[in-house]
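Structure data follow from coords10.csv (CSV, C-alpha atoms):
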```
chain,number,residue,atom,x,y,z
A,42,MET,CA,0.0,0.0,0.0
A,43,ALA,CA,1.6,3.2,-1.1
A,44,SER,CA,1.7,6.1,1.4
A,45,SER,CA,2.6,9.7,0.9
A,46,SER,CA,5.0,10.3,3.8
A,47,PRO,CA,4.1,8.3,6.9
A,48,SER,CA,5.9,9.0,10.1
A,49,PRO,CA,8.2,6.2,11.3
A,50,PRO,CA,6.0,4.0,13.5
A,51,SER,CA,6.7,4.0,17.2
A,52,TYR,CA,4.4,1.0,17.8
A,53,LEU,CA,3.5,-2.3,16.1
A,54,THR,CA,0.4,-4.4,16.4
A,55,HIS,CA,-0.7,-7.8,15.1
A,56,LEU,CA,-3.2,-8.2,12.3
A,57,PRO,CA,-4.8,-11.7,12.2
A,58,LEU,CA,-4.3,-13.5,8.9
A,59,HIS,CA,-7.2,-15.1,7.0
A,60,PRO,CA,-7.4,-18.9,7.4
A,61,SER,CA,-6.0,-20.4,4.2
A,62,HIS,CA,-7.8,-23.8,4.4
A,63,GLN,CA,-11.4,-24.8,5.0
A,64,GLY,CA,-12.0,-25.7,8.6
A,65,GLU,CA,-9.4,-23.4,10.1
A,66,SER,CA,-11.8,-20.6,10.9
A,67,GLU,CA,-12.1,-21.5,14.5
A,68,LYS,CA,-8.4,-21.4,15.1
A,69,ARG,CA,-7.4,-18.8,17.7
A,70,VAL,CA,-6.2,-15.7,15.8
A,71,GLU,CA,-3.2,-15.2,18.0
A,72,ASP,CA,-1.7,-18.4,16.5
A,73,ASP,CA,-1.5,-16.8,13.0
A,74,GLU,CA,-0.7,-13.1,13.1
A,75,SER,CA,1.5,-10.6,11.2
A,76,ARG,CA,3.1,-7.6,12.8
A,77,VAL,CA,2.2,-4.2,11.2
A,78,PRO,CA,3.0,-0.6,12.1
A,79,ILE,CA,0.7,1.8,13.8
A,80,HIS,CA,1.0,5.3,12.3
A,81,ILE,CA,-0.2,8.3,14.3
A,82,VAL,CA,-1.5,10.7,11.7
A,83,THR,CA,-1.6,14.5,12.2
A,84,ALA,CA,-1.5,15.6,8.5
A,85,ALA,CA,-3.3,14.2,5.5
A,86,THR,CA,0.0,13.6,3.7
A,87,GLN,CA,0.7,10.8,6.1
A,88,LEU,CA,-2.3,8.7,4.8
A,89,PRO,CA,-2.2,6.4,1.8
A,90,VAL,CA,-2.9,8.1,-1.6
A,91,GLU,CA,-5.3,5.3,-2.4
A,92,PHE,CA,-7.4,6.3,0.6
A,93,LEU,CA,-7.3,10.1,0.0
A,94,GLU,CA,-8.1,9.7,-3.7
A,95,PRO,CA,-10.7,6.9,-4.1
A,96,SER,CA,-10.7,5.3,-7.5
A,97,PRO,CA,-12.6,2.4,-9.2
A,98,GLN,CA,-9.1,1.1,-10.2
A,99,SER,CA,-8.0,0.8,-6.6
A,100,LYS,CA,-11.0,-0.3,-4.5
A,101,LEU,CA,-10.2,-0.8,-0.8
A,102,VAL,CA,-11.7,-2.5,2.2
A,103,ILE,CA,-10.6,-1.0,5.6
A,104,GLY,CA,-11.4,-1.4,9.2
A,105,PHE,CA,-12.9,1.7,10.6
A,106,ASP,CA,-13.9,3.2,14.0
A,107,CYS,CA,-14.0,6.5,15.9
A,108,GLU,CA,-13.1,7.4,19.5
A,109,GLY,CA,-14.2,10.5,21.3
A,110,VAL,CA,-15.9,12.2,24.2
A,111,ASP,CA,-19.6,11.4,24.3
A,112,LEU,CA,-19.5,10.7,20.6
A,113,CYS,CA,-22.6,11.9,18.9
A,114,ARG,CA,-23.7,15.1,17.1
A,115,LYS,CA,-22.3,17.3,19.9
A,116,GLY,CA,-19.5,15.1,21.4
A,117,THR,CA,-15.9,15.6,20.5
A,118,LEU,CA,-14.3,13.3,17.8
A,119,CYS,CA,-10.8,12.6,19.0
A,120,VAL,CA,-9.3,9.7,17.0
A,121,MET,CA,-10.4,8.0,13.8
A,122,GLN,CA,-8.9,4.5,13.3
A,123,LEU,CA,-8.2,3.0,9.9
A,124,ALA,CA,-7.0,-0.6,9.5
A,125,PHE,CA,-5.4,-1.6,6.2
A,126,PRO,CA,-3.9,-5.0,5.5
A,127,ASP,CA,-0.4,-3.7,6.1
A,128,ALA,CA,-0.8,-0.9,8.7
A,129,VAL,CA,-3.1,0.8,11.2
A,130,TYR,CA,-3.5,4.5,11.0
A,131,LEU,CA,-4.7,6.6,14.0
A,132,VAL,CA,-6.0,9.8,12.6
A,133,ASP,CA,-5.6,12.4,15.4
A,134,ALA,CA,-8.5,14.8,15.1
A,135,ILE,CA,-7.2,16.8,18.1
A,136,GLU,CA,-3.8,17.5,16.7
A,137,GLY,CA,-4.8,17.5,13.0
A,138,GLY,CA,-8.0,19.4,13.5
A,139,GLU,CA,-11.0,19.8,11.1
A,140,GLU,CA,-8.7,20.1,8.1
A,141,LEU,CA,-7.4,16.6,8.6
A,142,ILE,CA,-10.9,15.0,9.0
A,143,ILE,CA,-12.3,16.9,6.0
A,144,ALA,CA,-9.4,15.5,3.9
A,145,CYS,CA,-10.8,12.1,4.7
A,146,LYS,CA,-14.3,13.1,3.5
A,147,PRO,CA,-14.0,11.7,-0.1
A,148,ALA,CA,-12.9,8.3,1.2
A,149,LEU,CA,-15.6,8.1,3.9
A,150,GLU,CA,-18.3,9.0,1.3
A,151,SER,CA,-16.9,6.8,-1.5
A,152,ASN,CA,-18.4,3.7,-3.0
A,153,TYR,CA,-14.9,2.5,-3.8
A,154,ILE,CA,-13.8,2.2,-0.2
A,155,THR,CA,-15.7,-0.3,2.0
A,156,LYS,CA,-15.6,0.7,5.6
A,157,VAL,CA,-15.9,-2.3,8.0
A,158,ILE,CA,-17.2,-1.1,11.4
A,159,HIS,CA,-19.1,-2.5,14.4
A,160,ASP,CA,-22.2,-0.3,15.0
A,161,CYS,CA,-21.8,2.8,12.8
A,162,LYS,CA,-24.7,4.8,14.1
A,163,ARG,CA,-23.1,7.3,16.5
A,164,ASP,CA,-19.9,7.5,14.5
A,165,SER,CA,-21.9,8.5,11.4
A,166,GLU,CA,-23.9,11.0,13.5
A,167,ALA,CA,-20.7,12.7,14.7
A,168,LEU,CA,-19.1,12.8,11.3
A,169,TYR,CA,-22.3,14.3,9.8
A,170,PHE,CA,-23.1,17.0,12.3
A,171,GLN,CA,-19.5,18.0,13.0
A,172,PHE,CA,-17.9,17.7,9.6
A,173,GLY,CA,-20.7,17.4,7.1
A,174,ILE,CA,-19.5,13.9,6.1
A,175,LYS,CA,-22.1,11.4,5.0
A,176,LEU,CA,-20.6,8.0,5.9
A,177,ASN,CA,-21.3,5.6,3.0
A,178,ASN,CA,-20.6,2.1,1.9
A,179,VAL,CA,-20.2,0.4,5.3
A,180,VAL,CA,-20.2,-3.2,6.3
A,181,ASP,CA,-21.5,-3.2,9.8
A,182,THR,CA,-20.4,-6.4,11.6
A,183,GLN,CA,-23.2,-6.0,14.1
A,184,ILE,CA,-25.7,-6.3,11.4
A,185,ALA,CA,-23.8,-9.1,9.6
A,186,TYR,CA,-23.7,-11.1,12.8
A,187,SER,CA,-27.4,-11.1,13.2
A,188,LEU,CA,-28.0,-12.0,9.5
A,189,ILE,CA,-25.7,-15.0,9.8
A,190,GLU,CA,-27.5,-16.1,13.0
A,191,GLU,CA,-30.8,-15.9,11.1
A,192,GLN,CA,-29.4,-17.8,8.2
A,193,GLU,CA,-28.2,-20.6,10.5
A,194,GLY,CA,-31.6,-20.9,12.2
A,195,ARG,CA,-30.9,-18.9,15.4
A,196,LYS,CA,-33.7,-16.3,15.6
A,197,ARG,CA,-33.0,-13.0,17.3
A,198,LEU,CA,-35.0,-9.8,17.7
A,199,ARG,CA,-34.0,-7.3,15.1
A,200,ASP,CA,-32.2,-5.2,17.6
A,201,ASP,CA,-30.8,-8.0,19.8
A,202,TYR,CA,-27.3,-6.7,19.2
A,203,ILE,CA,-24.0,-8.4,19.7
A,204,SER,CA,-21.3,-6.3,21.4
A,205,PHE,CA,-17.9,-6.0,19.8
A,206,VAL,CA,-16.4,-7.8,22.8
A,207,GLY,CA,-19.0,-10.6,22.3
A,208,LEU,CA,-18.2,-10.8,18.6
A,209,LEU,CA,-14.5,-11.2,19.3
A,210,ALA,CA,-15.2,-13.9,21.9
A,211,ASP,CA,-17.2,-16.0,19.5
A,212,PRO,CA,-15.0,-18.8,18.4
A,213,ARG,CA,-16.5,-18.8,14.9
A,214,TYR,CA,-14.8,-15.4,14.3
A,215,CYS,CA,-11.9,-14.8,16.7
A,216,GLY,CA,-12.4,-16.7,19.9
A,217,ILE,CA,-10.4,-14.2,22.0
A,218,SER,CA,-11.1,-12.2,25.2
A,219,TYR,CA,-10.8,-8.4,25.1
A,220,ASP,CA,-10.1,-7.6,28.7
A,221,GLU,CA,-8.4,-4.4,27.8
A,222,LYS,CA,-11.7,-3.0,26.6
A,223,GLU,CA,-13.2,-3.1,30.1
A,224,GLU,CA,-10.0,-1.4,31.5
A,225,VAL,CA,-10.5,1.5,29.1
A,226,ARG,CA,-14.2,1.7,30.0
A,227,VAL,CA,-13.2,2.0,33.7
A,228,LEU,CA,-10.8,4.8,32.7
A,229,LEU,CA,-13.5,6.5,30.7
A,230,ARG,CA,-15.9,6.5,33.7
A,231,GLN,CA,-13.1,8.0,35.8
A,232,ASP,CA,-12.1,10.5,33.2
A,233,PRO,CA,-14.7,11.1,30.4
A,234,LYS,CA,-12.1,13.3,28.5
A,235,PHE,CA,-9.7,10.3,28.3
A,236,TRP,CA,-9.4,10.5,24.5
A,237,THR,CA,-8.6,14.2,24.4
A,238,HIS,CA,-5.3,13.9,26.3
A,239,ARG,CA,-2.2,14.4,24.2
A,240,PRO,CA,0.3,13.1,23.5
A,241,LEU,CA,-1.5,9.8,23.0
A,242,SER,CA,-0.3,7.3,25.6
A,243,GLU,CA,0.8,3.8,24.8
A,244,GLN,CA,-2.5,2.5,26.4
A,245,MET,CA,-4.5,4.9,24.2
A,246,ILE,CA,-2.7,3.8,21.1
A,247,ARG,CA,-3.1,0.1,21.9
A,248,ALA,CA,-6.8,0.5,22.7
A,249,ALA,CA,-7.5,2.4,19.5
A,250,ALA,CA,-5.7,-0.1,17.3
A,251,ASP,CA,-7.4,-3.0,19.1
A,252,ASP,CA,-10.8,-1.7,18.1
A,253,VAL,CA,-10.0,-2.1,14.3
A,254,ARG,CA,-7.2,-4.6,13.9
A,255,PHE,CA,-9.5,-7.6,13.9
A,256,LEU,CA,-12.2,-6.1,11.6
A,257,LEU,CA,-10.8,-7.2,8.2
A,258,TYR,CA,-10.3,-10.8,9.5
A,259,ILE,CA,-13.9,-10.9,10.8
A,260,TYR,CA,-15.1,-9.3,7.5
A,261,ARG,CA,-13.6,-12.0,5.3
A,262,GLN,CA,-15.1,-14.8,7.4
A,263,MET,CA,-18.6,-13.1,7.4
A,264,MET,CA,-18.5,-12.6,3.6
A,265,GLU,CA,-18.0,-16.3,3.1
A,266,LYS,CA,-21.0,-17.1,5.2
A,267,LEU,CA,-23.6,-14.5,3.9
A,268,ASN,CA,-25.9,-15.5,1.1
A,269,GLU,CA,-27.0,-13.1,-1.6
A,270,ARG,CA,-30.3,-12.2,0.2
A,271,SER,CA,-28.4,-11.4,3.4
A,272,LEU,CA,-25.8,-9.4,1.5
A,273,TRP,CA,-28.6,-7.1,0.2
A,274,TYR,CA,-29.9,-6.7,3.8
A,275,LEU,CA,-26.4,-6.0,5.0
A,276,ALA,CA,-26.0,-3.2,2.4
A,277,VAL,CA,-29.3,-1.5,2.9
A,278,HIS,CA,-29.3,-1.7,6.7
A,279,GLY,CA,-25.7,-0.4,6.8
A,280,ALA,CA,-27.0,2.6,4.8
A,281,LEU,CA,-30.0,3.1,7.1
A,282,TYR,CA,-27.8,2.8,10.2
A,283,CYS,CA,-25.6,5.6,8.8
A,284,ARG,CA,-28.6,7.8,8.4
A,285,CYS,CA,-30.4,6.8,11.6
A,286,PHE,CA,-29.4,9.7,13.9
A,287,CYS,CA,-28.5,12.1,11.1
A,288,LEU,CA,-31.8,13.9,10.9
A,289,ASN,CA,-32.1,16.7,8.3
A,290,SER,CA,-34.8,18.8,6.8
A,291,ASN,CA,-34.8,17.2,3.3
A,292,ASN,CA,-35.5,13.5,4.2
A,293,PHE,CA,-31.9,12.5,3.3
A,294,ALA,CA,-32.3,13.6,-0.3
A,295,ASP,CA,-28.7,14.6,-0.4
A,296,TRP,CA,-27.5,11.2,0.8
A,297,PRO,CA,-26.5,8.4,-1.6
A,298,SER,CA,-29.5,6.4,-2.7
A,299,LEU,CA,-30.3,3.1,-0.9
A,300,PRO,CA,-29.4,-0.2,-2.5
A,301,SER,CA,-32.3,-1.5,-4.6
A,302,ILE,CA,-33.6,-5.0,-4.4
A,303,PRO,CA,-31.7,-7.2,-6.9
A,304,ASP,CA,-33.9,-8.4,-9.7
A,305,ASN,CA,-32.7,-12.0,-9.3
A,306,LEU,CA,-33.8,-12.1,-5.6
A,307,ASN,CA,-37.3,-11.0,-6.5
A,308,ALA,CA,-37.4,-13.4,-9.4
A,309,ASP,CA,-36.7,-16.3,-7.0
A,310,GLY,CA,-40.0,-15.7,-5.2
A,311,ASN,CA,-38.4,-14.2,-2.1
A,312,ASP,CA,-41.0,-11.4,-2.0
A,313,LEU,CA,-38.5,-9.0,-0.5
A,314,GLU,CA,-40.0,-5.7,0.7
A,315,GLU,CA,-38.4,-2.3,0.6
A,316,GLU,CA,-36.6,-1.4,3.9
A,317,ILE,CA,-37.0,2.1,5.3
A,318,LEU,CA,-36.2,4.4,8.2
A,319,SER,CA,-39.0,6.2,9.9
A,320,VAL,CA,-38.6,8.9,12.6
A,321,LEU,CA,-41.4,9.5,14.9
A,322,ASP,CA,-41.7,12.7,17.0
A,323,ILE,CA,-42.8,12.0,20.5
A,324,PRO,CA,-44.7,14.7,22.4
A,325,GLN,CA,-42.9,16.1,25.4
A,326,GLY,CA,-43.4,14.0,28.5
A,327,LYS,CA,-44.7,11.0,26.5
A,328,MET,CA,-41.5,9.0,26.0
A,329,GLY,CA,-42.2,7.2,29.2
A,330,LEU,CA,-45.4,5.8,27.8
A,331,VAL,CA,-43.5,4.5,24.8
A,332,ILE,CA,-40.8,2.8,26.8
A,333,GLY,CA,-42.9,1.6,29.8
A,334,LYS,CA,-41.8,0.4,33.2
A,335,ARG,CA,-38.3,-1.1,32.9
A,336,GLY,CA,-38.7,-1.0,29.1
A,337,ALA,CA,-41.6,-3.4,29.1
A,338,THR,CA,-43.8,-1.5,26.6
A,339,ILE,CA,-41.2,-0.9,23.9
A,340,LEU,CA,-40.0,-4.5,24.3
A,341,SER,CA,-43.6,-5.7,23.7
A,342,ILE,CA,-43.8,-3.6,20.6
A,343,LYS,CA,-40.5,-4.9,19.3
A,344,ARG,CA,-41.6,-8.5,19.8
A,345,SER,CA,-44.8,-7.8,17.8
A,346,CYS,CA,-43.0,-6.2,14.8
A,347,ASN,CA,-40.2,-7.4,12.6
A,348,ALA,CA,-38.5,-4.0,12.9
A,349,GLU,CA,-35.7,-2.3,14.8
A,350,ILE,CA,-36.9,0.3,17.2
A,351,LEU,CA,-34.4,2.8,18.6
A,352,THR,CA,-34.5,5.7,20.9
A,353,GLY,CA,-31.9,8.5,21.3
A,354,GLY,CA,-31.2,7.6,24.9
A,355,PRO,CA,-28.9,9.8,27.0
A,356,LYS,CA,-27.1,11.1,23.9
A,357,GLY,CA,-30.4,12.1,22.2
A,358,PRO,CA,-32.2,13.3,20.4
A,359,PRO,CA,-34.6,12.8,23.4
A,360,ASP,CA,-38.0,13.2,21.6
A,361,LYS,CA,-37.6,10.8,18.7
A,362,VAL,CA,-38.1,7.1,18.0
A,363,PHE,CA,-36.3,5.6,15.0
A,364,ILE,CA,-37.8,2.5,13.3
A,365,ILE,CA,-35.9,0.5,10.6
A,366,GLY,CA,-37.5,-2.4,8.7
A,367,PRO,CA,-39.8,-3.5,6.0
A,368,VAL,CA,-42.5,-0.9,5.1
A,369,LYS,CA,-45.4,-2.9,6.5
A,370,GLU,CA,-43.6,-3.7,9.8
A,371,VAL,CA,-42.5,-0.1,10.2
A,372,ARG,CA,-46.1,1.1,9.7
A,373,LYS,CA,-47.3,-1.5,12.3
A,374,ALA,CA,-44.7,-0.3,14.8
A,375,GLU,CA,-45.7,3.3,14.2
A,376,ALA,CA,-49.3,2.6,14.9
A,377,MET,CA,-48.5,0.7,18.1
A,378,ILE,CA,-46.3,3.6,19.3
A,379,ARG,CA,-48.9,6.2,18.5
A,380,GLY,CA,-51.5,4.1,20.3
A,381,ARG,CA,-49.3,4.1,23.5
A,382,ILE,CA,-48.9,7.9,23.3
A,383,LEU,CA,-52.7,8.3,23.2
A,384,ASP,CA,-53.2,5.7,25.9
A,385,ILE,CA,-54.5,7.3,29.2
```
Encoding of this model in structure tokens:
Amino acid sequence: MASSSPSPPSYLTHLPLHPSHQGESEKRVEDDESRVPIHIVTAATQLPVEFLEPSPQSKLVIGFDCEGVDLCRKGTLCVMQLAFPDAVYLVDAIEGGEELIIACKPALESNYITKVIHDCKRDSEALYFQFGIKLNNVVDTQIAYSLIEEQEGRKRLRDDYISFVGLLADPRYCGISYDEKEEVRVLLRQDPKFWTHRPLSEQMIRAAADDVRFLLYIYRQMMEKLNERSLWYLAVHGALYCRCFCLNSNNFADWPSLPSIPDNLNADGNDLEEEILSVLDIPQGKMGLVIGKRGATILSIKRSCNAEILTGGPKGPPDKVFIIGPVKEVRKAEAMIRGRILDI
């Protein structure tokens, strides 16, 4: 991978290699790793040219994540991690500033660069509201995991999510424990501004790299498992996740169009239905009626509808409910939620 002028790396990490033979996928990844440099990036010239200038002649697949303080539309984006097959780049938004993140905009919006990420919703929200970036062409491993579970006959609620720690622990993908993640969570509770401190400590660098260094390995295994129907769901739900908290006044007209249903899938009698995102405004003081005691009401609605139902939670927005799924199921969820609002 060509790079403009990367700084000499101070740190190395391991990237797990893809199993080369059928039946090796459950091998612990530590047994088969390659060492690659971790580059701390404070200027765009330190990033690979192929990333900065997306091209159909040099399509890329990279691991992607963001770290920050209360990361959402108002939180501070501090580090953006990029995992390539031969290096990990930690894009320092504190030192490099807005100019550095804007330099990454073409890549983050490009169809020629696939961004592999675990739960893109809040990262997308931060990029959109703080930098005007419409995150596009993602493969969300959280979505992919649920689709594979469904393919293999293990039914889950649409929003019964797997955590990144849980995904890494699954022997079908990595089979490793990620104890350091909990250590960082403890530090974040003690110091919410942990990711703003500079220079980046060794612990910060290791933690940031760990959040992306397994993603390409997991991606390759998931792509081998997903059938064509699931691949379409993965693409459309990834796009809807990117939009989810990025509310605007034009109904996402300036965002890339959603993937259409492939003709061959409809021809096979699958009767696939368009998937949509609906945003419901909840009157002030009524969110409690939607959620119910200990979440009982919204859980009941989720179990009745084949749709994902999300609320803004502590990060907001506090007066919205977000519904993702087939049109009929979304309309059903909307009706049930409106019924709860009117319930006395």
Identify which of the residues A:Thr54, A:Ser290, A:Gln231, A:Thr86 lies closest to Asp251 in chain A, counting all atoms listed in the file when measuring atom-to-atom distances.
A:Thr54
From the list A:Ile342, A:Leu209, A:Val180, A:Val253, which residue is nearest Ile364 in chain A when using only C-alpha atoms?
A:Ile342
Counting all atoms listed in the file, which residues of range 94-184 of chain A sit at most 12 Å from some atom of range 254-259 of chain A, and what is each one's closest atom pair with its distance in Å to one decimal, listed by chain and rising residue number, as JSON lines?
```
{"residue": "A:Leu101", "atom": "CA", "partner": "A:Leu257", "partner_atom": "CA", "distance": 11.1}
{"residue": "A:Val102", "atom": "CA", "partner": "A:Leu257", "partner_atom": "CA", "distance": 7.7}
{"residue": "A:Ile103", "atom": "CA", "partner": "A:Leu257", "partner_atom": "CA", "distance": 6.7}
{"residue": "A:Gly104", "atom": "CA", "partner": "A:Leu256", "partner_atom": "CA", "distance": 5.3}
{"residue": "A:Phe105", "atom": "CA", "partner": "A:Leu256", "partner_atom": "CA", "distance": 7.9}
{"residue": "A:Asp106", "atom": "CA", "partner": "A:Leu256", "partner_atom": "CA", "distance": 9.8}
{"residue": "A:Gln122", "atom": "CA", "partner": "A:Arg254", "partner_atom": "CA", "distance": 9.3}
{"residue": "A:Leu123", "atom": "CA", "partner": "A:Arg254", "partner_atom": "CA", "distance": 8.6}
{"residue": "A:Ala124", "atom": "CA", "partner": "A:Arg254", "partner_atom": "CA", "distance": 5.9}
{"residue": "A:Phe125", "atom": "CA", "partner": "A:Leu257", "partner_atom": "CA", "distance": 8.0}
{"residue": "A:Pro126", "atom": "CA", "partner": "A:Leu257", "partner_atom": "CA", "distance": 7.7}
{"residue": "A:Asp127", "atom": "CA", "partner": "A:Arg254", "partner_atom": "CA", "distance": 10.4}
{"residue": "A:Ala128", "atom": "CA", "partner": "A:Arg254", "partner_atom": "CA", "distance": 9.0}
{"residue": "A:Val129", "atom": "CA", "partner": "A:Arg254", "partner_atom": "CA", "distance": 7.3}
{"residue": "A:Tyr130", "atom": "CA", "partner": "A:Arg254", "partner_atom": "CA", "distance": 10.2}
{"residue": "A:Leu131", "atom": "CA", "partner": "A:Arg254", "partner_atom": "CA", "distance": 11.5}
{"residue": "A:Thr155", "atom": "CA", "partner": "A:Leu257", "partner_atom": "CA", "distance": 10.5}
{"residue": "A:Lys156", "atom": "CA", "partner": "A:Leu257", "partner_atom": "CA", "distance": 9.6}
{"residue": "A:Val157", "atom": "CA", "partner": "A:Leu256", "partner_atom": "CA", "distance": 6.4}
{"residue": "A:Ile158", "atom": "CA", "partner": "A:Leu256", "partner_atom": "CA", "distance": 7.1}
{"residue": "A:His159", "atom": "CA", "partner": "A:Leu256", "partner_atom": "CA", "distance": 8.3}
{"residue": "A:Val180", "atom": "CA", "partner": "A:Leu256", "partner_atom": "CA", "distance": 10.0}
{"residue": "A:Asp181", "atom": "CA", "partner": "A:Leu256", "partner_atom": "CA", "distance": 9.9}
{"residue": "A:Thr182", "atom": "CA", "partner": "A:Ile259", "partner_atom": "CA", "distance": 7.9}
{"residue": "A:Gln183", "atom": "CA", "partner": "A:Ile259", "partner_atom": "CA", "distance": 11.0}
```
Neighbouring residues of Trp236 in chain A were defined as those with any atom within 9 Å, considering all atoms listed in the file; residues of the same chain fewer than 5 positions away were excluded. Please report them as a ChimeraX atom specification.
/A:108-110,118-120,229,241,245
To one decimal in Å, tell me the separation between CA of Leu53 in chain A and CA of Ile79 in chain A.
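Going from CA of Leu53 in chain A over to CA of Ile79 in chain A, I get 5.5 Å.
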Using all atoms listed in the file, tabulate the residues of range 214-293 of chain A lying at most 12 Å from any atom of range 170-179 of chain A, each with its closest atom pair and that distance in Å to one decimal, by chain and increasing residue number, as a Markdown table.
```
| residue | atom | partner | partner_atom | distance |
| --- | --- | --- | --- | --- |
| A:Tyr260 | CA | A:Val179 | CA | 11.2 |
| A:Leu272 | CA | A:Val179 | CA | 11.9 |
| A:Leu275 | CA | A:Val179 | CA | 8.9 |
| A:Ala276 | CA | A:Val179 | CA | 7.4 |
| A:Val277 | CA | A:Asn178 | CA | 9.5 |
| A:His278 | CA | A:Val179 | CA | 9.4 |
| A:Gly279 | CA | A:Val179 | CA | 5.8 |
| A:Ala280 | CA | A:Asn177 | CA | 6.7 |
| A:Leu281 | CA | A:Asn177 | CA | 9.9 |
| A:Tyr282 | CA | A:Val179 | CA | 9.4 |
| A:Cys283 | CA | A:Leu176 | CA | 6.3 |
| A:Arg284 | CA | A:Lys175 | CA | 8.2 |
| A:Cys285 | CA | A:Leu176 | CA | 11.4 |
| A:Phe286 | CA | A:Phe170 | CA | 9.8 |
| A:Cys287 | CA | A:Phe170 | CA | 7.4 |
| A:Leu288 | CA | A:Phe170 | CA | 9.3 |
| A:Asn289 | CA | A:Phe170 | CA | 9.9 |
| A:Phe293 | CA | A:Lys175 | CA | 10.0 |
```
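Distance annotation: of A:Glu193, A:Ala374, A:Ile302, A:Gly353, the residue with the minimal separation from Lys162 in chain A is A:Gly353; atom set is only C-alpha atoms.
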Provide the CA of Gly137 in chain A to CA of Leu112 in chain A distance in Å, to one decimal place.
17.9 Å
Skip Lys369 in chain A itself and residues of its chain fewer than 2 positions away, then list as a ChimeraX atom specification all residues within 10 Å of it, counting all atoms listed in the file.
/A:314-317,346-348,366-367,371-375
So, with all atoms listed in the file as the atoms that count, which of A:Asp360, A:Asp133, A:Glu243, A:Asp312 lies closest to Gln325 in chain A?
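Residue with the minimum atom-to-atom distance to Gln325 in chain A: A:Asp360.
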Straight-line distance linking CA of Glu224 in chain A with CA of Arg239 in chain A, stated in Å to one decimal:
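CA of Arg239 in chain A lies at a distance of 19.1 Å from CA of Glu224 in chain A.
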